[in-house]
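So the structure is just underneath, and the comments pick up after that.
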Amino acid sequence: MFNISRFWNKTNLLNLTLIPLSYIYYFIYSIYRILKQEKKLSIPVICIGNLTLGGAGKTPVTIKLRQMISKKFKNTFVLTRGYGGRLKGPKIVSKNSKYIDVGDESLIHYLHGNTCVSKNKISGAELCVSNKAEIILMDDGLQSIDIKKNLRIIIIDGEYEFGNNLLFPAGPLRQSVPSTYHNTDIAVIIGDFRKEFIKSLRYKKIFFATKKIKIKCKNKNLYAFSGLGNNLNFYNSLKKKYNYKIVKFKEFKDHHSYKDSEIGEMISEANKFGLQLVCTEKDYVKINKKLRGKIYPVKMEIEFLDEKEIYKKILQILAN
């Protein structure tokens with residue numbers, strides 16, 4: 001399967017031929033930022049986004065931040081576009097919501113608290129406010145001009161970094177790295193990183209975090225699969241888990257909608273070779289409930305190296 005994240009990881013001849021299209025993309029994006037205006041809400045908004053296309057860890061970081069700030073803001077809402085869902089919204093996610101309507105990430109957020117899905121972020125934010133939200137956490141939207149953000153947090157995968165450092169479609173960047181320095185309050189780097197990379201960054205404040213995965217299965221021989229923006233992230237996280245062996249790994253495209261036949265085939269293959277089938281929570285919520293009993297969801301959690309300090313910094317910025 002062609003992996004777009006790996007294609008953008010290094011510069012090659014095909015990347016270079018796409019650079020003229022990158023200039024067109026950047027021009028359109030610049031015009032968009034000039035013409036659009038942000039709407040200020042009556043409550044604070046924290047935006048958690050990334051610079052690259054694909055997964056960098058926004059969702060688990062958002063979940064962790066919700067847990068942290070709920071100490072001060074009791075009625076916290078997560079606002080997400082609901083990528084992959086067919087509903088435009090705005091809609092408050094409930095126990096009866098289905099991923100085909102609201103998207104997979106929305107269902108994950110719902111497990112941790114109030115969640116609103118809306119393609120139009122202003123409409124979604126207004127619905128959160130009408131439901132007495134005290135603060136909104138936006139999962140993605142760092143590049144969008146819609147709601148006034150009181151705090152902008154950029155998430156960086158320490159291993160992938162910025163790929164080949166080229167703008168889309170020649171590379172994974174949604175905007176140039178220097179353009180993010182002045183409008184980013186906090187940068188969070190997840191996982192391993194190079195010291196040279198850190199020294200090259202000019203963000204106002206940088207914090208570090210690690211991924212912590214939880215698997216409850218007793219069988220140490222795994223058949224893992226995932227449909228993420230960067231499947232290699234999941235693979236590497238599993239590989240580092242003590243005493244687990246990934247015998248087989250299958251990749252799907254981001255937000256893949258699983259057919260019963262696909263899951264059934266993997267279950268049969270896992271049984272044949274005595275393997276335990278595992279996947280991410282994001283994949284798990286999209287699997288037919290009748291087939292979930294044969295699969296273990298791997299829970300991904302974020303741990304900040306200095307949780308007290310980042311919490312203090314967040315409250316300090318919100319107070320200004």
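Each chain in the structure tokens gets a letter, A, B and so on, in the order shown; residues start at 1 in every chain, and ligands are counted from 1 in the order they appear.
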- List every residue of stretch 82-137 of chain A that DSSP, applied to the backbone of this structure, places in alpha helix (DSSP H), and write the result as a PyMOL selection string. chain A and resi 99-102+104-110+121-130
Could you list, as a PDB file with C-alpha atoms, in the first residue's frame, every residue within 10 Å of A:Asn165, counting only C-alpha atoms and ignoring same-chain residues fewer than 5 positions away?
ATOM      1  CA  TRP A   8       6.789  13.055   2.166  1.00  0.00           C
ATOM      2  CA  ASN A   9       9.420  11.930   4.650  1.00  0.00           C
ATOM      3  CA  LYS A  10      12.345  12.612   2.308  1.00  0.00           C
ATOM      4  CA  THR A  11      12.971  14.768  -0.736  1.00  0.00           C
ATOM      5  CA  THR A  52       1.855  18.494   8.883  1.00  0.00           C
ATOM      6  CA  ALA A 170       5.485  18.499  -2.516  1.00  0.00           C
ATOM      7  CA  GLY A 171       5.611  17.816   1.209  1.00  0.00           C
ATOM      8  CA  PRO A 172       3.401  17.417   4.285  1.00  0.00           C
ATOM      9  CA  LEU A 173       3.434  21.051   5.474  1.00  0.00           C
ATOM     10  CA  GLN A 175       2.055  26.200   6.035  1.00  0.00           C
ATOM     11  CA  SER A 176       5.711  27.181   6.248  1.00  0.00           C
ATOM     12  CA  VAL A 177       7.470  26.521   9.550  1.00  0.00           C
TER      13      VAL A 177
END
- Query: What does the distance between atom CA of A:Glu281 and atom CA of A:Gly82 come to in Å, to one decimal place?
  - Reply: 15.7 Å
- Would you list the contacts of A:Arg194 as a ChimeraX atom specification, taking every protein, DNA or RNA residue within 10 Å and counting only C-alpha atoms, but skipping same-chain residues closer than 4 positions in sequence? /A:158-159,161,198-199
Would you write out those residues with C-alpha atoms, as a PDB file, in the first residue's frame?
ATOM      1  CA  GLY A 158       9.556  14.141  17.244  1.00  0.00           C
ATOM      2  CA  GLU A 159      10.442  11.222  14.974  1.00  0.00           C
ATOM      3  CA  GLU A 161       9.507  16.104  12.484  1.00  0.00           C
ATOM      4  CA  ILE A 198      14.973  21.348  18.735  1.00  0.00           C
ATOM      5  CA  LYS A 199      17.693  23.977  18.360  1.00  0.00           C
TER       6      LYS A 199
END
- Excluding A:Thr115 and residues on its chain fewer than 2 positions from it, collect all residues at most 7 Å away from it, counting only C-alpha atoms, and give them as a VMD selection string. chain A and resid 77 to 79 92 to 93 106 109 to 110 113 117
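Taking only C-alpha atoms into account, A:Ile314 lies nearest to A:Asn150 out of the set A:Asn131, A:Ser118, A:Asn150, A:Thr210.
Considering only C-alpha atoms, the residue among A:Val188, A:Leu315, A:Leu238, A:Leu142 positioned nearest to A:Phe73 is A:Leu315.
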- Message: What's around stretch 214-229 of chain A at 8 Å? Count only C-alpha atoms, leave out sequence neighbours fewer than 6 positions away in its own chain, and write the answer as a ChimeraX atom specification.
- Response: /A:5,53-55,235,243-256,270,274-280,283,296-300
Could those selected residues go to a file with C-alpha atoms, as a CSV table (one decimal), in the first residue's frame?
chain,number,residue,atom,x,y,z
A,5,SER,CA,3.6,10.0,5.0
A,53,LEU,CA,-0.9,16.6,7.1
A,54,GLY,CA,-1.6,13.3,8.8
A,55,GLY,CA,-1.4,12.2,12.4
A,235,TYR,CA,3.8,0.4,14.6
A,243,ASN,CA,7.8,-8.1,25.5
A,244,TYR,CA,5.4,-7.8,22.6
A,245,LYS,CA,6.2,-9.1,19.2
A,246,ILE,CA,4.6,-7.7,16.0
A,247,VAL,CA,4.4,-10.7,13.8
A,248,LYS,CA,2.2,-9.1,11.2
A,249,PHE,CA,1.2,-5.5,10.5
A,250,LYS,CA,-1.4,-4.3,8.1
A,251,GLU,CA,-1.9,-0.7,7.0
A,252,PHE,CA,-5.1,1.1,5.8
A,253,LYS,CA,-5.6,4.6,4.7
A,254,ASP,CA,-6.5,7.3,7.2
A,255,HIS,CA,-10.2,7.1,8.5
A,256,HIS,CA,-10.7,3.8,6.7
A,270,ALA,CA,-4.7,-14.3,13.3
A,274,GLY,CA,-2.0,-18.1,16.9
A,275,LEU,CA,-1.7,-14.3,17.0
A,276,GLN,CA,-3.7,-11.7,18.9
A,277,LEU,CA,-5.4,-9.1,16.7
A,278,VAL,CA,-5.0,-5.5,17.9
A,279,CYS,CA,-5.8,-2.0,16.6
A,280,THR,CA,-6.1,1.6,17.8
A,283,ASP,CA,-10.1,1.8,14.4
A,296,TYR,CA,-8.0,-5.8,21.5
A,297,PRO,CA,-8.0,-2.0,21.3
A,298,VAL,CA,-4.7,-0.4,22.1
A,299,LYS,CA,-5.2,2.7,24.2
A,300,MET,CA,-2.8,5.5,23.5
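In this structure, atom CA of A:Leu166 sits 11.0 Å away from atom CA of A:Tyr26.
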- Message: I need the residue nearest A:Arg292 from this list: A:Glu196, A:Asp260, A:Glu105, A:Glu134. Use only C-alpha atoms for the distance.
- Response: A:Asp260
- Excluding A:Thr80 and residues on its chain fewer than 6 positions from it, collect all residues at most 12 Å away from it, counting only C-alpha atoms, and give them as JSON, numbers by chain. {"A": [47, 48, 49, 58, 59, 62, 88, 89, 90, 91, 92, 93, 102, 103, 104, 105, 106, 107, 108, 109, 110, 114, 115, 116, 117, 118, 119, 120, 121, 122, 123, 124, 125, 128, 136, 137, 138, 139, 140, 141, 142]}
- Find the residues near A:Ile145: any atom within 10 Å, counting only C-alpha atoms, skip ones fewer than 6 places away on the same chain, and give them as a count of residues only. 9
- Query: So which residues of stretch 16-162 of chain A fall under strand (DSSP E) by DSSP, listed as a ChimeraX atom specification?
  - Reply: /A:45-50,76-80,91-92,115-117,135-139,151-157
